[in-house]
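What follows is one structure encoded as structure tokens, with my remarks underneath.
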Amino acid sequence: MSAINPLLVCVVIFAVVAVLTWAVTARRGSSAWLDRLWSILPIVYAWVFAGAAGLGDARLNLLAVLATAWGVRLTFNYARKGGFRRGAEDYRWGTVRQKLTPAQWVVFHALFISVYQQALLLLLILPAWTAYEHRTPLGVLDWILAAIFMLLLVGEGTADGQQWRFQQRKHAAATAGKPLTEGFISTGLFRYSRHPNLFCEILMWWVFYAIGAAAVGPLLSWTIIGTVLLTAQSFGSTVMAESLSGAKYPAYAAYRARTSRLVPWPPRA
């Protein structure tokens, strides 16, 4: 495999998956397959780069292990929320679909969901391309960054677990005819950040980029583009999510006023 260009292999995988997800979504009308592959494709891409070096480069192996840990945790969280059930789909896609005409949805689905979103997953892993092109041994900084990555992974898992348990209590209370006074979580890590899981997610990919870029010394490389795009998209997704929550729950405005948007911080009075 060392004679094969790993970037070319990943681009081919991206192209095939983009076409297939477009075809499946166009036929069934659901965008669920993008969400189902979101946590899996980065693992595949990362191990393609590590495999192209014969699994003999410590930095590439470390990046692949970190990507795998990220993907396994996210896949578990997505599965327990029912994401792999037949017909399941992220509610935000349905909201977007309602706001667009059928023709606009076709274009949005083809360009943004099938192409851009899939490309973003590949761009996030491209720090591994930097590491592949510049084989250097791991240093103390790399291990510190890896430890930070795992700490953020635990933080994201904790936030997702708190949110999952809250939703379970919310569903049980509604079934029993005694709905909770608040329809959104504002305790635990969510007392200090409205999106603590997203905060950890963004920082993890910045750390991932830093480990790859450290292979050449200066922490600035063109492969930063995927991390920048994910950060910008994450901010945009919070706008939509909070708009929906604000419209559904009157108390959300007060929660938003006292709680930091992303960076964990003591609540404002």
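Residue numbering restarts at 1 for every chain of the structure tokens, chains are lettered A, B, ... in their displayed order, and ligands are numbered from 1 as they appear.
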Can you check which parts of segment 97-170 of chain A lie within 10 Å of segment 62-73 of chain A? Per residue, the shortest pair of atoms and distance in Å to one decimal, counting only C-alpha atoms, sorted by chain and number, as a Markdown table.
| residue | atom | partner | partner_atom | distance |
| --- | --- | --- | --- | --- |
| A:Ile125 | CA | A:Ala67 | CA | 8.4 |
| A:Pro127 | CA | A:Leu63 | CA | 8.7 |
| A:Ala128 | CA | A:Leu63 | CA | 6.9 |
| A:Ala131 | CA | A:Leu63 | CA | 9.1 |
| A:Leu138 | CA | A:Leu62 | CA | 9.2 |
| A:Asp142 | CA | A:Leu62 | CA | 9.3 |
| A:Trp143 | CA | A:Leu62 | CA | 9.3 |
| A:Ala146 | CA | A:Leu66 | CA | 7.7 |
| A:Phe149 | CA | A:Leu66 | CA | 7.7 |
| A:Met150 | CA | A:Leu66 | CA | 7.8 |
| A:Leu152 | CA | A:Trp70 | CA | 9.9 |
| A:Leu153 | CA | A:Trp70 | CA | 6.8 |
| A:Val154 | CA | A:Arg73 | CA | 9.3 |
| A:Glu156 | CA | A:Arg73 | CA | 9.1 |
| A:Gly157 | CA | A:Arg73 | CA | 7.2 |
| A:Asp160 | CA | A:Arg73 | CA | 10.0 |
Legend entry - Distance query Leu34 of chain A at most 8 Å, only C-alpha atoms, self and fewer than 6 positions along chain excluded, as a PyMOL selection string: chain A and resi 21+113-114+117-118
Legend entry - Selected residue, from A:Leu7, A:Ala214, A:Leu41, A:Leu203, that lies nearest to Leu120 of chain A when counting only C-alpha atoms: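 Residue with the minimum atom-to-atom distance to Leu120 of chain A: A:Leu41.
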Legend entry - Best match for closeness to His109 of chain A among A:Val24, A:Ala232, A:Leu122, A:Val44, counting only C-alpha atoms: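 Going through A:Val24, A:Ala232, A:Leu122, A:Val44 one by one, the smallest distance to His109 of chain A is for A:Val24.
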Legend entry - Near-Thr259 of chain A list (9 Å; only C-alpha atoms; drop same-chain fewer than 6 positions) as an MDAnalysis selection string: chainID A and resid 186 190:194 265:268
So that I can check the surroundings of Leu262 of chain A, please list as a JSON list (two decimals) with N, CA, C and O atoms, in the first residue's frame every protein, DNA and RNA residue that reaches within 8 Å of it, counting only C-alpha atoms and ignoring chain neighbours fewer than 2 positions away.
[["chain", "number", "residue", "atom", "x", "y", "z"],
["A", 193, "SER", "N", -22.15, 26.17, 29.95],
["A", 193, "SER", "CA", -22.09, 26.38, 28.50],
["A", 193, "SER", "C", -23.38, 25.84, 27.89],
["A", 193, "SER", "O", -23.84, 24.76, 28.28],
["A", 194, "ARG", "N", -23.92, 26.57, 26.94],
["A", 194, "ARG", "CA", -25.14, 26.08, 26.29],
["A", 194, "ARG", "C", -24.84, 24.93, 25.36],
["A", 194, "ARG", "O", -25.73, 24.15, 25.02],
["A", 195, "HIS", "N", -23.58, 24.81, 24.95],
["A", 195, "HIS", "CA", -23.18, 23.73, 24.03],
["A", 195, "HIS", "C", -21.81, 23.19, 24.43],
["A", 195, "HIS", "O", -20.85, 23.28, 23.67],
["A", 196, "PRO", "N", -21.70, 22.58, 25.61],
["A", 196, "PRO", "CA", -20.38, 22.09, 26.05],
["A", 196, "PRO", "C", -19.84, 20.97, 25.18],
["A", 196, "PRO", "O", -18.62, 20.86, 24.98],
["A", 198, "LEU", "N", -20.31, 20.64, 21.94],
["A", 198, "LEU", "CA", -19.80, 21.25, 20.71],
["A", 198, "LEU", "C", -18.48, 21.98, 20.97],
["A", 198, "LEU", "O", -17.59, 21.98, 20.12],
["A", 199, "PHE", "N", -18.34, 22.58, 22.15],
["A", 199, "PHE", "CA", -17.09, 23.23, 22.52],
["A", 199, "PHE", "C", -15.95, 22.23, 22.50],
["A", 199, "PHE", "O", -14.88, 22.49, 21.93],
["A", 260, "SER", "N", -23.00, 31.03, 29.04],
["A", 260, "SER", "CA", -22.07, 31.19, 27.92],
["A", 260, "SER", "C", -22.50, 30.33, 26.74],
["A", 260, "SER", "O", -23.02, 29.22, 26.93],
["A", 264, "PRO", "N", -17.09, 27.15, 28.44],
["A", 264, "PRO", "CA", -17.62, 26.98, 29.79],
["A", 264, "PRO", "C", -17.21, 28.16, 30.68],
["A", 264, "PRO", "O", -16.03, 28.52, 30.76]]
Legend entry - Atom-to-atom span, atom CA of Val19 of chain A and atom CA of Trp93 of chain A, Å: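 Taking atom CA of Val19 of chain A as the start and atom CA of Trp93 of chain A as the end point, the length is 18.7 Å.
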Inset, instruction - State, in Å with one decimal place, the distance from atom CA of Thr95 of chain A to atom CA of Val115 of chain A. - result: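 Atom-to-atom, atom CA of Thr95 of chain A to atom CA of Val115 of chain A, that is 19.8 Å.
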Inset, instruction - Please measure the separation of atom CA of Thr227 of chain A and atom CA of Ile40 of chain A, giving the value in Å to one decimal. - result: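 We find that atom CA of Thr227 of chain A and atom CA of Ile40 of chain A lie 17.5 Å from each other.
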Inset, instruction - Could you check which of A:Ala119, A:Leu145, A:Ala257, A:Val17 is closest to Gly212 of chain A, using only C-alpha atoms? - result: A:Leu145
Inset, instruction - as a PyMOL selection string, please: all residues of segment 102-171 of chain A that backbone DSSP puts in alpha helix (DSSP H). - result: chain A and resi 102-108+117-125+127-133+140-171
Written selection (C-alpha atoms) as a short mmCIF file (atom, residue, chain, number, x, y, z; two decimals), in the first residue's frame:
data_model
loop_
_atom_site.label_atom_id
_atom_site.label_comp_id
_atom_site.auth_asym_id
_atom_site.auth_seq_id
_atom_site.Cartn_x
_atom_site.Cartn_y
_atom_site.Cartn_z
CA PRO A 102 -38.50 21.33 -3.87
CA ALA A 103 -36.09 22.68 -6.50
CA GLN A 104 -34.01 24.51 -3.89
CA TRP A 105 -33.88 21.40 -1.73
CA VAL A 106 -32.52 19.35 -4.64
CA VAL A 107 -29.69 21.85 -5.15
CA PHE A 108 -29.02 22.17 -1.41
CA GLN A 117 -20.42 17.90 4.08
CA GLN A 118 -18.60 14.86 2.74
CA ALA A 119 -15.64 16.99 1.67
CA LEU A 120 -15.47 18.53 5.13
CA LEU A 121 -14.94 15.10 6.67
CA LEU A 122 -11.94 14.55 4.41
CA LEU A 123 -10.58 18.05 5.04
CA LEU A 124 -10.66 17.42 8.79
CA ILE A 125 -8.29 14.47 8.39
CA PRO A 127 -3.39 17.06 8.91
CA ALA A 128 -2.54 13.38 8.47
CA TRP A 129 -1.41 14.27 4.93
CA THR A 130 1.03 16.77 6.44
CA ALA A 131 2.29 14.06 8.79
CA TYR A 132 2.58 11.62 5.88
CA GLU A 133 4.62 14.07 3.80
CA VAL A 140 6.60 15.73 24.39
CA LEU A 141 4.28 18.36 22.86
CA ASP A 142 2.56 15.71 20.76
CA TRP A 143 1.80 13.55 23.79
CA ILE A 144 0.51 16.57 25.70
CA LEU A 145 -1.78 17.39 22.78
CA ALA A 146 -2.95 13.77 22.61
CA ALA A 147 -3.78 13.88 26.34
CA ILE A 148 -5.75 17.11 25.81
CA PHE A 149 -7.62 15.44 22.94
CA MET A 150 -8.64 12.54 25.18
CA LEU A 151 -9.66 14.92 27.96
CA LEU A 152 -11.89 16.79 25.53
CA LEU A 153 -13.27 13.46 24.32
CA VAL A 154 -14.26 12.60 27.89
CA GLY A 155 -15.79 16.06 28.28
CA GLU A 156 -17.88 15.66 25.16
CA GLY A 157 -18.97 12.19 26.21
CA THR A 158 -19.97 13.51 29.64
CA ALA A 159 -22.04 16.32 28.11
CA ASP A 160 -23.71 13.95 25.66
CA GLY A 161 -24.47 11.54 28.51
CA GLN A 162 -26.05 14.29 30.58
CA GLN A 163 -28.14 15.38 27.63
CA TRP A 164 -29.18 11.79 26.89
CA ARG A 165 -30.30 11.16 30.48
CA PHE A 166 -32.21 14.44 30.53
CA GLN A 167 -34.05 13.53 27.34
CA GLN A 168 -34.93 10.14 28.82
CA ARG A 169 -36.36 11.81 31.94
CA LYS A 170 -38.19 14.33 29.77
CA HIS A 171 -39.76 11.58 27.67
#
Inset, instruction - Pick out the closest residue to Tyr255 of chain A from this set: A:Gly236, A:Gly183, A:Ile202, A:Ile224. Count only C-alpha atoms. - result: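 Of the candidates, the smallest distance to Tyr255 of chain A is held by A:Gly183.
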